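Novice: Right, I'll just put the structure down here and ask away after.
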Amino acid sequence: MIRWILRLLFPPKCVFCRAVTENENFAVCQSCLLQIPHNRRACKICGAPLDTVYGDMVCVHCRKHRRAFTKAYVPFLYKDTVRTAILQFKFGGRKASAVTFASFILMKMRELEADRPDLITFVPMHFIRLGSRGYNQAALLAQALGEKLNVPVCATLRKTKNTMPQSRRRGRDRRQSLGDAFALRRNTDIQGKRILLLDDVITTGTTLNRCASVLKKAGADEIQIATVAATPYSHR
């Protein structure tokens, strides 16, 4: 009864346009579902949208830089209504959007025939920024996806430096600024595990690659990544 009353007073709304929807676990209206920018042709390693068709579906960036992760699941392009929805999720307190975004990631995983991970983890935030924002959007995504897959979620990493947001940096600056900014949490045993690492958006993949490198050095067998969206190369 309480749940019914809450749904009546606060009905689920589309994460993209805020129109009232029927399903709180997949809060997307039919109009937005048809119009949102899907990431249909993407690099199989990092999920970046491909402007040029390569036979092996690997982007220029992944050809130049070795990745610590092996595969990506990225359902959207980071632009238009997707960009707005992610910013509202990240900075506007719309934490419930994590459930719907996780549903889209799960759909992309099934489309690409993903192997079931042993563990789901996420890109950490520095405690100063976490205290300021009040939540880590990547952790919310991981928790929502973990519940859908019935896979354990664990905070395996910590951020040791309060670096400038990577969205304000480009290319080499991103790699230099992160350096040793991530470390394994104490008493974390990931030896031999297949891990799915989550974040909200991937641009060059530097942050996710740093995190994946730490996990690999700690004994993880394989790291795959998932984000809600990928930044088009023209904005990198």
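Labels for the structure tokens follow display order: chains A, B, ..., residues from 1 in each chain, ligands from 1.
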Run DSSP on the backbone and grab whatever in segment 70-230 of chain A lands in strand (DSSP E); send it over as a PyMOL selection string.
Specialist: chain A and resi 72-73+76-77+119-122+157-159+182-184+194-198+201-202+222-226+229-230
Novice: For the residues in the current selection, export C-alpha atoms as a CSV table (one decimal), in the first residue's frame.
Specialist:
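Written output follows (selection.csv):
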```csv
chain,number,residue,atom,x,y,z
A,72,ALA,CA,33.5,-2.2,-23.3
A,73,TYR,CA,29.7,-1.9,-23.0
A,76,PHE,CA,24.9,5.9,-25.7
A,77,LEU,CA,26.7,8.8,-27.1
A,119,LEU,CA,32.7,-9.0,-9.5
A,120,ILE,CA,31.5,-5.5,-10.3
A,121,THR,CA,33.4,-2.5,-9.1
A,122,PHE,CA,33.5,1.2,-9.9
A,157,LEU,CA,39.8,1.0,-5.3
A,158,ARG,CA,40.4,4.3,-3.6
A,159,LYS,CA,41.5,7.6,-5.1
A,182,PHE,CA,44.3,5.3,-7.7
A,183,ALA,CA,45.3,2.4,-5.4
A,184,LEU,CA,43.8,-0.9,-4.2
A,194,ARG,CA,36.8,-11.5,-14.0
A,195,ILE,CA,35.9,-7.9,-13.1
A,196,LEU,CA,33.4,-5.4,-14.7
A,197,LEU,CA,34.5,-1.8,-13.9
A,198,LEU,CA,31.9,1.0,-14.1
A,201,VAL,CA,31.1,8.5,-19.1
A,202,ILE,CA,34.2,7.5,-21.1
A,222,GLU,CA,40.4,-9.8,-16.8
A,223,ILE,CA,38.8,-6.4,-16.6
A,224,GLN,CA,36.0,-5.2,-18.8
A,225,ILE,CA,34.4,-1.8,-18.6
A,226,ALA,CA,30.9,-0.3,-18.8
A,229,ALA,CA,27.9,7.0,-22.6
A,230,ALA,CA,31.0,7.7,-24.7
```
Novice: Excluding same-chain residues fewer than 2 positions from Ala98 of chain A, what lies within 10 Å of it counting only C-alpha atoms, as JSON, numbers by chain?
Specialist: {"A": [15, 25, 86, 89, 90, 94, 95, 96, 100, 101, 102, 103, 104, 137, 138, 139, 140, 141, 142, 143, 144, 145, 200, 228]}
Novice: From the DSSP assignment of the backbone, select every residue of segment 44-202 of chain A that is helix (DSSP H, G or I), and format the answer as a ChimeraX atom specification.
Specialist: /A:60-64,80-91,97-111,127-133,137-149,166-168,171-178
Novice: Using only C-alpha atoms, find the one residue out of A:Ile45, A:Ala181, A:Ala218, A:Leu34 that sits nearest to His126 of chain A.
Specialist: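 Of A:Ile45, A:Ala181, A:Ala218, A:Leu34, the one nearest His126 of chain A, counting only C-alpha atoms, is A:Ala181.
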Novice: I want to know what sits within 10 Å of Gly192 of chain A, based on only C-alpha atoms, with residues of the same chain fewer than 5 positions away left out; could you give that as a list in words?
Specialist: Asp118, Lys216, Ala218, Gly219, Ala220, Asp221 and Glu222 of chain A
Novice: Only all heavy atoms, please: the residues just picked out, written as a CSV table (one decimal), in the first residue's frame.
Specialist:
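See selection.csv below for the written result:
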```
chain,number,residue,atom,x,y,z
A,118,ASP,N,32.7,-12.0,-12.3
A,118,ASP,CA,32.7,-12.5,-11.0
A,118,ASP,C,32.4,-11.4,-10.0
A,118,ASP,O,31.9,-11.7,-8.9
A,118,ASP,CB,34.1,-13.1,-10.7
A,118,ASP,CG,34.5,-14.2,-11.6
A,118,ASP,OD1,33.6,-15.1,-11.8
A,118,ASP,OD2,35.6,-14.3,-12.1
A,216,LYS,N,44.6,-5.1,-12.5
A,216,LYS,CA,45.4,-6.2,-13.1
A,216,LYS,C,46.7,-6.5,-12.3
A,216,LYS,O,47.0,-7.7,-12.1
A,216,LYS,CB,45.8,-5.7,-14.5
A,216,LYS,CG,44.7,-5.8,-15.5
A,216,LYS,CD,44.4,-7.2,-15.9
A,216,LYS,CE,45.4,-7.9,-16.8
A,216,LYS,NZ,45.0,-9.2,-17.2
A,218,ALA,N,47.0,-6.3,-9.2
A,218,ALA,CA,46.5,-6.9,-8.0
A,218,ALA,C,46.1,-8.4,-8.2
A,218,ALA,O,45.7,-9.1,-7.3
A,218,ALA,CB,45.4,-6.1,-7.3
A,219,GLY,N,46.2,-8.8,-9.5
A,219,GLY,CA,45.9,-10.2,-9.8
A,219,GLY,C,44.6,-10.5,-10.5
A,219,GLY,O,44.3,-11.7,-10.7
A,220,ALA,N,43.8,-9.5,-10.9
A,220,ALA,CA,42.6,-9.8,-11.6
A,220,ALA,C,42.9,-10.5,-12.9
A,220,ALA,O,43.9,-10.2,-13.6
A,220,ALA,CB,41.9,-8.5,-11.9
A,221,ASP,N,42.0,-11.4,-13.3
A,221,ASP,CA,42.3,-12.2,-14.5
A,221,ASP,C,41.9,-11.3,-15.8
A,221,ASP,O,42.7,-11.4,-16.7
A,221,ASP,CB,41.4,-13.4,-14.5
A,221,ASP,CG,41.6,-14.3,-15.7
A,221,ASP,OD1,42.8,-14.7,-16.0
A,221,ASP,OD2,40.6,-14.5,-16.5
A,222,GLU,N,40.8,-10.6,-15.7
A,222,GLU,CA,40.4,-9.8,-16.8
A,222,GLU,C,39.5,-8.7,-16.3
A,222,GLU,O,38.7,-8.8,-15.4
A,222,GLU,CB,39.6,-10.6,-17.8
A,222,GLU,CG,39.1,-9.9,-19.1
A,222,GLU,CD,38.2,-10.7,-20.0
A,222,GLU,OE1,37.8,-11.8,-19.6
A,222,GLU,OE2,37.9,-10.2,-21.1
```
Novice: How many Å separate atom CA of Phe69 of chain A from atom CA of Thr160 of chain A?
Specialist: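 Taking atom CA of Phe69 of chain A as the start and atom CA of Thr160 of chain A as the end point, the length is 21.2 Å.
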Novice: Residues near Thr21 of chain A, anyone? I mean within 12 Å using only C-alpha atoms, not counting same-chain ones fewer than 2 positions away, as a PyMOL selection string.
Specialist: chain A and resi 7-8+10-19+23-33+100
Novice: With only C-alpha atoms as the counted atoms, please give the residues lying no more than 8 Å from Ile36 of chain A, apart from itself and same-chain residues fewer than 6 positions off, as a list in words.
Specialist: Phe76, Asp80, Thr81 and Val82 of chain A
Novice: If you measure from atom CA of Asp56 of chain A to atom CA of Met109 of chain A, what distance in Å do you get, rounded to one decimal?
Specialist: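 Between these atoms lies a distance of 18.7 Å.
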Novice: When distances are computed from only C-alpha atoms, which of A:Thr207, A:Lys44, A:Ser213, A:Arg116 shows the smallest separation from Pro152 of chain A?
Specialist: A:Arg116
Novice: Using only C-alpha atoms for the distances, tell me which of A:Ala85, A:Val58, A:Cys154, A:Cys46 is nearest to Lys71 of chain A.
Specialist: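 Using only C-alpha atoms, the shortest distance to Lys71 of chain A belongs to A:Cys46.
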Novice: What gap, in Å, lies between atom CA of Asp51 of chain A and atom CA of His38 of chain A?
Specialist: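 Here the two named atoms are 13.9 Å from each other.
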Novice: Could you check which of A:Leu208, A:Ala42, A:Cys62, A:Leu149 is closest to Leu106 of chain A, using only C-alpha atoms?
Specialist: A:Leu149
Novice: Select, from A:Gly205, A:Thr227, A:Lys217, A:Ser97, the residue with the minimum atom-to-atom distance to Arg67 of chain A, counting only C-alpha atoms.
Specialist: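 Answer, going by the shortest atom-to-atom distance: A:Gly205.
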